[in-house]
Amino acid sequence: TKHTRIQAKKLAAFRRKLKQMTKRNGGKPLQSVIKGLNPLLRGFSQYFRIADASRAFRQIASWLRRRLRSVQLKLWKKASRLHRWLRQRGYKGKFVYMNMTSWRSARSPLASYAMPNSWFNELGLVNLEDVRTGNVPSIYAG
């Protein structure tokens, strides 16, 4: 059996496009950033779903969620806002100071607890991990 992959160049171009749309200095609410991303994600996933791309889709999805966490942290500006959000979600642990503008902070356990993957689904972000790839039946298969 042959395996079809997405070209590295195509993946890199897609990531560049996503990166450009999720700039942290955009100042737009996360909801509107997601609204702009969804058509792009939907189109990319539908175009490339015939490839064996589940791993690539999973990597892009997790990287994108981290970018969006980073955007939201930047919008909150102060760690106290994150802490308030965590308290509302029932977090009981200790808080550590974190730099809200750092890319590294978007990977912290506190950021993941405050903005779990399910939260992005609730906001309506298209989840590339849900797209079935590979053996997609074609209408042209004879």
# chains A, B, ... in the order shown; residues from 1 in each chain; ligands from 1
>>> residues_around(residues="A:Met98", least_positions_apart="6", cutoff="10 Å", atoms="only C-alpha atoms", output="JSON, numbers by chain")
{"A": [73, 78, 79, 80, 82, 104, 105, 106, 108, 110, 111]}
>>> atom_distance(atom1="atom CA of A:Asn25", atom2="atom CA of A:Leu64")
16.1 Å
>>> select_by_dssp(residues="stretch 4-135 of chain A", states="helix (DSSP H, G or I)", output="PyMOL selection string")
chain A and resi 8-21+30-48+54-76+79-88+104-107+109-114+117-122+128-130
>>> write_last_selection(atoms="C-alpha atoms", output="CSV table (one decimal), in the first residue's frame")
chain,number,residue,atom,x,y,z
A,8,ALA,CA,6.7,19.7,4.2
A,9,LYS,CA,6.6,22.9,2.2
A,10,LYS,CA,2.8,22.9,2.3
A,11,LEU,CA,2.8,22.3,6.1
A,12,ALA,CA,5.3,25.1,6.6
A,13,ALA,CA,3.3,27.5,4.6
A,14,PHE,CA,0.1,26.6,6.5
A,15,ARG,CA,1.9,27.1,9.8
A,16,ARG,CA,3.2,30.5,8.6
A,17,LYS,CA,-0.3,31.5,7.7
A,18,LEU,CA,-1.6,30.4,11.1
A,19,LYS,CA,1.2,32.1,12.9
A,20,GLN,CA,0.4,35.4,11.1
A,21,MET,CA,-3.2,35.1,12.1
A,30,LEU,CA,-9.8,35.3,21.2
A,31,GLN,CA,-13.3,34.6,19.8
A,32,SER,CA,-12.7,36.8,16.7
A,33,VAL,CA,-9.2,35.2,16.2
A,34,ILE,CA,-10.9,31.7,16.2
A,35,LYS,CA,-13.6,33.0,13.9
A,36,GLY,CA,-10.9,34.0,11.4
A,37,LEU,CA,-9.0,30.7,11.8
A,38,ASN,CA,-11.9,28.3,11.3
A,39,PRO,CA,-12.5,28.7,7.5
A,40,LEU,CA,-8.7,28.2,7.0
A,41,LEU,CA,-8.6,25.1,9.2
A,42,ARG,CA,-11.7,23.6,7.6
A,43,GLY,CA,-10.4,24.2,4.1
A,44,PHE,CA,-6.9,22.8,4.8
A,45,SER,CA,-8.2,19.7,6.6
A,46,GLN,CA,-10.8,18.9,3.9
A,47,TYR,CA,-8.2,19.4,1.1
A,48,PHE,CA,-5.5,17.2,2.7
A,54,SER,CA,-3.4,12.4,11.3
A,55,ARG,CA,0.0,12.9,13.0
A,56,ALA,CA,0.6,16.2,11.2
A,57,PHE,CA,-3.0,17.4,12.0
A,58,ARG,CA,-2.5,16.4,15.7
A,59,GLN,CA,0.8,18.4,15.8
A,60,ILE,CA,-0.7,21.4,14.2
A,61,ALA,CA,-3.7,21.3,16.4
A,62,SER,CA,-1.7,21.2,19.7
A,63,TRP,CA,0.7,23.9,18.4
A,64,LEU,CA,-2.2,26.1,17.5
A,65,ARG,CA,-3.9,25.7,20.9
A,66,ARG,CA,-0.7,26.7,22.5
A,67,ARG,CA,-0.5,29.8,20.3
A,68,LEU,CA,-4.1,30.6,21.3
A,69,ARG,CA,-3.3,30.2,24.9
A,70,SER,CA,-0.4,32.6,24.5
A,71,VAL,CA,-2.8,35.1,22.8
A,72,GLN,CA,-5.3,34.8,25.7
A,73,LEU,CA,-2.5,35.2,28.3
A,74,LYS,CA,-1.3,38.4,26.6
A,75,LEU,CA,-4.9,39.7,26.5
A,76,TRP,CA,-5.3,39.1,30.3
A,79,ALA,CA,-1.3,37.1,36.3
A,80,SER,CA,-4.0,38.0,38.7
A,81,ARG,CA,-6.6,37.7,35.9
A,82,LEU,CA,-5.4,34.2,35.2
A,83,HIS,CA,-5.5,33.4,38.9
A,84,ARG,CA,-9.1,34.7,39.1
A,85,TRP,CA,-10.1,32.6,36.0
A,86,LEU,CA,-8.5,29.5,37.7
A,87,ARG,CA,-10.3,30.1,40.9
A,88,GLN,CA,-13.6,30.3,39.0
A,104,ARG,CA,7.0,29.7,27.3
A,105,SER,CA,4.1,30.5,29.7
A,106,ALA,CA,1.5,29.2,27.2
A,107,ARG,CA,2.9,25.7,28.0
A,109,PRO,CA,0.2,23.6,33.6
A,110,LEU,CA,-1.7,26.6,34.9
A,111,ALA,CA,-2.4,27.8,31.4
A,112,SER,CA,-3.5,24.3,30.3
A,113,TYR,CA,-5.8,24.0,33.4
A,114,ALA,CA,-7.3,27.5,32.7
A,117,ASN,CA,-8.6,21.6,25.0
A,118,SER,CA,-12.3,21.2,25.6
A,119,TRP,CA,-12.6,24.9,26.2
A,120,PHE,CA,-11.3,25.6,22.7
A,121,ASN,CA,-14.0,23.2,21.4
A,122,GLU,CA,-16.6,25.1,23.3
A,128,LEU,CA,-8.0,19.0,13.3
A,129,GLU,CA,-7.6,16.0,15.5
A,130,ASP,CA,-11.2,15.0,14.8
>>> atom_distance(atom1="atom CA of A:Gly134", atom2="atom CA of A:Ile6")
11.1 Å
